[in-house]
Amino acid sequence: MAATEPQPEAFRVLIDRPTLLQRIAELAREVRAAFPAEPPCLVAVMDGARVFATELARHLPGFPAAHAVRASSYGHGTQSSGQVLLAASAIPVEGRPVVILEDIVDTGRTIDKLRTWLLAHGAVEVRVCTLLSKPSRRVVAVALDWVGFEIPDEFVIGFGMDVDGRYRDLPHVAVYR
Ligand code: IMP
């Protein structure tokens, strides 16, 4: 961490941990109810969604592991580059319903690109479950099936979300700066 960076406690808490955990349990119940016959293939956008995906899967039968897909649009800092780079290894989506687990939907470009990719690889349907959404930042219109919290146009850190690899391990969601 740069010497000038503030300590994590300096950042304003936007959503505290008990509130996050309670909402994630609700989301898991809704996802579970939506797929009574066949459990969906879970695809988590790494690294940001790892904490969210693990917590949500804890409430699903058999604690299924989410498949990892890497997407990057934030090269450095808090400004999106506008280009989404996807890196996904073989994910068994052919003929299966898929639920994308995302930490935060901002411009919508990542979800848009990932949904197209999953459908092209044979997913029968793709739904999206995101912990956070910043609707005021949307550039691409994307349908979100489950949203934990809508938040204002603030750059947030913690609960898996980072800025240049820092602050991911904060136990809550805080506003950066
Ligand atoms: P989108 O493609 O613009 O919707 O960006 C989605 C991705 O950008 C997320 O998966 C995050 O990795 C990152 N992102 C967007 N907003 C934030 C934020 O406020 N904090 C941390 N990461 C963010």
# chains A, B, ... in the order shown; residues from 1 in each chain; ligands from 1

$ residues_near_ligand --ligand "ligand 1" --cutoff "7 Å" --atoms "only C-alpha atoms and all ligand atoms" --output "list in words"
Val45, Gly48, Ser72, Ser73, Tyr74, Ser80, Val84, Glu102, Asp103, Ile104, Val105, Asp106, Thr107, Gly108, Arg109, Thr110, Ile111, Glu154, Phe155, Val156, Ile157, Met161, Asp162 and Val163 of chain A

$ write_last_selection --atoms "N, CA and C atoms" --output "CSV table (one decimal), in the first residue's frame"
chain,number,residue,atom,x,y,z
A,45,VAL,N,-17.8,-13.8,-11.5
A,45,VAL,CA,-16.8,-12.9,-12.2
A,45,VAL,C,-15.8,-12.6,-11.2
A,48,GLY,N,-13.6,-10.0,-8.1
A,48,GLY,CA,-14.5,-9.2,-7.3
A,48,GLY,C,-15.6,-9.9,-6.7
A,72,SER,N,-11.8,-8.0,-17.0
A,72,SER,CA,-11.2,-6.8,-16.5
A,72,SER,C,-11.5,-5.6,-17.4
A,73,SER,N,-12.1,-4.5,-16.8
A,73,SER,CA,-12.3,-3.3,-17.6
A,73,SER,C,-11.6,-2.2,-16.8
A,74,TYR,N,-11.3,-2.4,-15.5
A,74,TYR,CA,-10.6,-1.4,-14.7
A,74,TYR,C,-9.1,-1.7,-14.7
A,80,SER,N,-13.3,3.1,-15.6
A,80,SER,CA,-13.4,1.9,-16.5
A,80,SER,C,-12.7,2.3,-17.9
A,84,VAL,N,-13.8,-4.6,-22.3
A,84,VAL,CA,-13.9,-5.7,-21.4
A,84,VAL,C,-13.1,-6.9,-21.9
A,102,GLU,N,-22.2,-11.6,-9.9
A,102,GLU,CA,-21.3,-10.4,-10.1
A,102,GLU,C,-21.3,-9.6,-8.9
A,103,ASP,N,-20.1,-9.0,-8.6
A,103,ASP,CA,-20.0,-8.1,-7.4
A,103,ASP,C,-20.8,-6.8,-7.7
A,104,ILE,N,-20.5,-6.2,-8.8
A,104,ILE,CA,-21.2,-4.9,-9.1
A,104,ILE,C,-21.4,-4.7,-10.6
A,105,VAL,N,-22.5,-4.2,-11.0
A,105,VAL,CA,-22.8,-3.9,-12.4
A,105,VAL,C,-22.7,-2.4,-12.5
A,106,ASP,N,-21.8,-1.9,-13.3
A,106,ASP,CA,-21.5,-0.5,-13.4
A,106,ASP,C,-22.0,0.0,-14.8
A,107,THR,N,-21.2,0.0,-15.8
A,107,THR,CA,-21.6,0.3,-17.2
A,107,THR,C,-22.5,-0.8,-17.8
A,108,GLY,N,-22.3,-2.0,-17.3
A,108,GLY,CA,-23.1,-3.1,-17.9
A,108,GLY,C,-22.3,-3.9,-19.0
A,109,ARG,N,-21.1,-3.4,-19.3
A,109,ARG,CA,-20.4,-4.0,-20.5
A,109,ARG,C,-20.0,-5.4,-20.1
A,110,THR,N,-19.5,-5.6,-18.9
A,110,THR,CA,-19.0,-7.0,-18.5
A,110,THR,C,-20.1,-8.0,-18.6
A,111,ILE,N,-21.3,-7.7,-18.0
A,111,ILE,CA,-22.4,-8.6,-18.1
A,111,ILE,C,-22.9,-8.9,-19.5
A,154,GLU,N,-20.8,6.0,-6.7
A,154,GLU,CA,-19.6,6.1,-5.8
A,154,GLU,C,-18.7,4.9,-6.1
A,155,PHE,N,-17.4,5.0,-6.0
A,155,PHE,CA,-16.6,3.9,-6.2
A,155,PHE,C,-16.4,3.2,-4.8
A,156,VAL,N,-16.8,1.9,-4.8
A,156,VAL,CA,-16.8,1.2,-3.5
A,156,VAL,C,-15.7,0.1,-3.5
A,157,ILE,N,-15.4,-0.2,-2.2
A,157,ILE,CA,-14.4,-1.2,-2.0
A,157,ILE,C,-14.9,-2.1,-0.8
A,161,MET,N,-14.4,-6.4,-3.3
A,161,MET,CA,-14.1,-5.3,-4.3
A,161,MET,C,-12.9,-4.5,-4.0
A,162,ASP,N,-12.1,-4.2,-5.0
A,162,ASP,CA,-10.8,-3.6,-4.8
A,162,ASP,C,-10.6,-2.3,-5.6
A,163,VAL,N,-9.6,-1.6,-5.3
A,163,VAL,CA,-9.0,-0.6,-6.2
A,163,VAL,C,-7.6,-1.0,-6.3

$ select_by_dssp --residues "chain A" --states "helix (DSSP H, G or I)" --output "ChimeraX atom specification"
/A:8-10,17-34,50-57,109-120,135-137

$ residues_around --residues "A:Gly158" --least-positions-apart "6" --cutoff "8 Å" --atoms "only C-alpha atoms" --output "count of residues only"
8

$ residues_around --residues "A:Val69" --least-positions-apart "3" --cutoff "12 Å" --atoms "only C-alpha atoms" --output "number ranges by chain"
A: 42-50, 66, 72, 85-91, 100-102, 110-111, 113-115, 117-118

$ residues_around --residues "A:Leu60" --least-positions-apart "6" --cutoff "9 Å" --atoms "only C-alpha atoms" --output "MDAnalysis selection string"
chainID A and resid 28:29 31:32

$ select_by_dssp --residues "stretch 33-162 of chain A" --states "strand (DSSP E or B)" --output "PyMOL selection string"
chain A and resi 41-46+67-72+85-88+97-105+125-133+146-150+156-158+161

$ write_last_selection --atoms "N, CA and C atoms" --output "compact mmCIF listing (two decimals), in the first residue's frame"
# COMPACT_ATOMS: atom_id res chain seq x y z
N CYS A 41 -25.79 -23.71 -13.40
CA CYS A 41 -24.34 -23.59 -13.37
C CYS A 41 -24.03 -22.17 -12.88
N LEU A 42 -23.26 -22.05 -11.82
CA LEU A 42 -22.92 -20.72 -11.29
C LEU A 42 -21.61 -20.25 -11.91
N VAL A 43 -21.60 -19.05 -12.40
CA VAL A 43 -20.39 -18.47 -12.98
C VAL A 43 -20.11 -17.15 -12.26
N ALA A 44 -18.98 -17.09 -11.58
CA ALA A 44 -18.65 -15.89 -10.79
C ALA A 44 -17.58 -15.07 -11.50
N VAL A 45 -17.80 -13.78 -11.55
CA VAL A 45 -16.84 -12.88 -12.19
C VAL A 45 -15.76 -12.55 -11.15
N MET A 46 -14.57 -13.08 -11.41
CA MET A 46 -13.46 -12.94 -10.45
C MET A 46 -12.62 -11.70 -10.75
N HIS A 67 -18.02 -21.50 -11.07
CA HIS A 67 -16.93 -21.49 -12.04
C HIS A 67 -16.42 -20.06 -12.17
N ALA A 68 -15.12 -19.95 -12.32
CA ALA A 68 -14.52 -18.62 -12.35
C ALA A 68 -14.37 -18.11 -13.77
N VAL A 69 -14.77 -16.87 -13.97
CA VAL A 69 -14.44 -16.21 -15.22
C VAL A 69 -13.78 -14.89 -14.83
N ARG A 70 -12.75 -14.55 -15.56
CA ARG A 70 -12.07 -13.28 -15.25
C ARG A 70 -12.44 -12.24 -16.28
N ALA A 71 -12.77 -11.08 -15.80
CA ALA A 71 -13.11 -9.98 -16.70
C ALA A 71 -12.43 -8.75 -16.15
N SER A 72 -11.84 -8.00 -17.02
CA SER A 72 -11.24 -6.77 -16.51
C SER A 72 -11.55 -5.60 -17.42
N LEU A 85 -12.13 -7.35 -21.16
CA LEU A 85 -11.34 -8.51 -21.58
C LEU A 85 -11.83 -9.70 -20.79
N LEU A 86 -12.20 -10.77 -21.49
CA LEU A 86 -12.73 -11.97 -20.82
C LEU A 86 -11.70 -13.08 -20.86
N ALA A 87 -11.56 -13.78 -19.75
CA ALA A 87 -10.72 -14.97 -19.74
C ALA A 87 -11.49 -16.06 -19.02
N ALA A 88 -11.94 -17.06 -19.77
CA ALA A 88 -12.73 -18.13 -19.16
C ALA A 88 -12.18 -19.47 -19.63
N PRO A 97 -28.88 -24.15 -17.67
CA PRO A 97 -29.14 -22.76 -17.26
C PRO A 97 -27.94 -22.25 -16.46
N VAL A 98 -27.67 -20.96 -16.62
CA VAL A 98 -26.51 -20.36 -15.96
C VAL A 98 -26.96 -19.15 -15.14
N VAL A 99 -26.37 -19.01 -13.97
CA VAL A 99 -26.55 -17.78 -13.20
C VAL A 99 -25.18 -17.12 -13.05
N ILE A 100 -25.07 -15.91 -13.58
CA ILE A 100 -23.84 -15.13 -13.40
C ILE A 100 -23.90 -14.47 -12.03
N LEU A 101 -22.83 -14.62 -11.25
CA LEU A 101 -22.73 -13.93 -9.97
C LEU A 101 -21.71 -12.80 -10.12
N GLU A 102 -22.16 -11.59 -9.92
CA GLU A 102 -21.31 -10.41 -10.15
C GLU A 102 -21.27 -9.58 -8.88
N ASP A 103 -20.13 -8.96 -8.63
CA ASP A 103 -20.04 -8.10 -7.44
C ASP A 103 -20.78 -6.79 -7.67
N ILE A 104 -20.55 -6.18 -8.82
CA ILE A 104 -21.18 -4.88 -9.07
C ILE A 104 -21.36 -4.67 -10.57
N VAL A 105 -22.54 -4.24 -10.96
CA VAL A 105 -22.78 -3.88 -12.37
C VAL A 105 -22.73 -2.37 -12.47
N GLU A 125 -30.11 -20.71 -20.86
CA GLU A 125 -30.56 -19.39 -20.43
C GLU A 125 -29.51 -18.83 -19.50
N VAL A 126 -29.43 -17.50 -19.45
CA VAL A 126 -28.45 -16.85 -18.60
C VAL A 126 -29.17 -15.81 -17.76
N ARG A 127 -29.10 -16.00 -16.44
CA ARG A 127 -29.66 -14.98 -15.54
C ARG A 127 -28.52 -14.34 -14.76
N VAL A 128 -28.81 -13.18 -14.21
CA VAL A 128 -27.75 -12.41 -13.55
C VAL A 128 -28.17 -12.09 -12.12
N CYS A 129 -27.27 -12.38 -11.20
CA CYS A 129 -27.48 -12.04 -9.79
C CYS A 129 -26.28 -11.19 -9.36
N THR A 130 -26.54 -9.94 -9.06
CA THR A 130 -25.45 -9.04 -8.69
C THR A 130 -25.66 -8.52 -7.27
N LEU A 131 -24.57 -8.42 -6.54
CA LEU A 131 -24.68 -7.89 -5.18
C LEU A 131 -25.04 -6.40 -5.22
N LEU A 132 -24.35 -5.66 -6.11
CA LEU A 132 -24.57 -4.22 -6.19
C LEU A 132 -24.84 -3.80 -7.64
N SER A 133 -25.55 -2.70 -7.78
CA SER A 133 -25.76 -2.12 -9.11
C SER A 133 -25.72 -0.61 -8.99
N TRP A 146 -31.55 -10.47 -10.27
CA TRP A 146 -31.52 -10.26 -8.83
C TRP A 146 -30.46 -9.20 -8.51
N VAL A 147 -30.88 -8.20 -7.75
CA VAL A 147 -29.95 -7.13 -7.35
C VAL A 147 -29.99 -7.03 -5.83
N GLY A 148 -28.82 -7.14 -5.20
CA GLY A 148 -28.78 -7.03 -3.74
C GLY A 148 -29.11 -5.61 -3.30
N PHE A 149 -28.36 -4.65 -3.83
CA PHE A 149 -28.54 -3.25 -3.46
C PHE A 149 -28.25 -2.36 -4.66
N GLU A 150 -29.08 -1.37 -4.87
CA GLU A 150 -28.74 -0.31 -5.83
C GLU A 150 -28.00 0.77 -5.05
N VAL A 156 -16.78 1.90 -4.83
CA VAL A 156 -16.83 1.20 -3.54
C VAL A 156 -15.75 0.13 -3.46
N ILE A 157 -15.39 -0.19 -2.22
CA ILE A 157 -14.35 -1.20 -1.95
C ILE A 157 -14.86 -2.12 -0.84
N GLY A 158 -14.20 -3.26 -0.72
CA GLY A 158 -14.51 -4.19 0.36
C GLY A 158 -15.45 -5.29 -0.08
N MET A 161 -14.38 -6.37 -3.32
CA MET A 161 -14.12 -5.33 -4.33
C MET A 161 -12.87 -4.53 -3.98
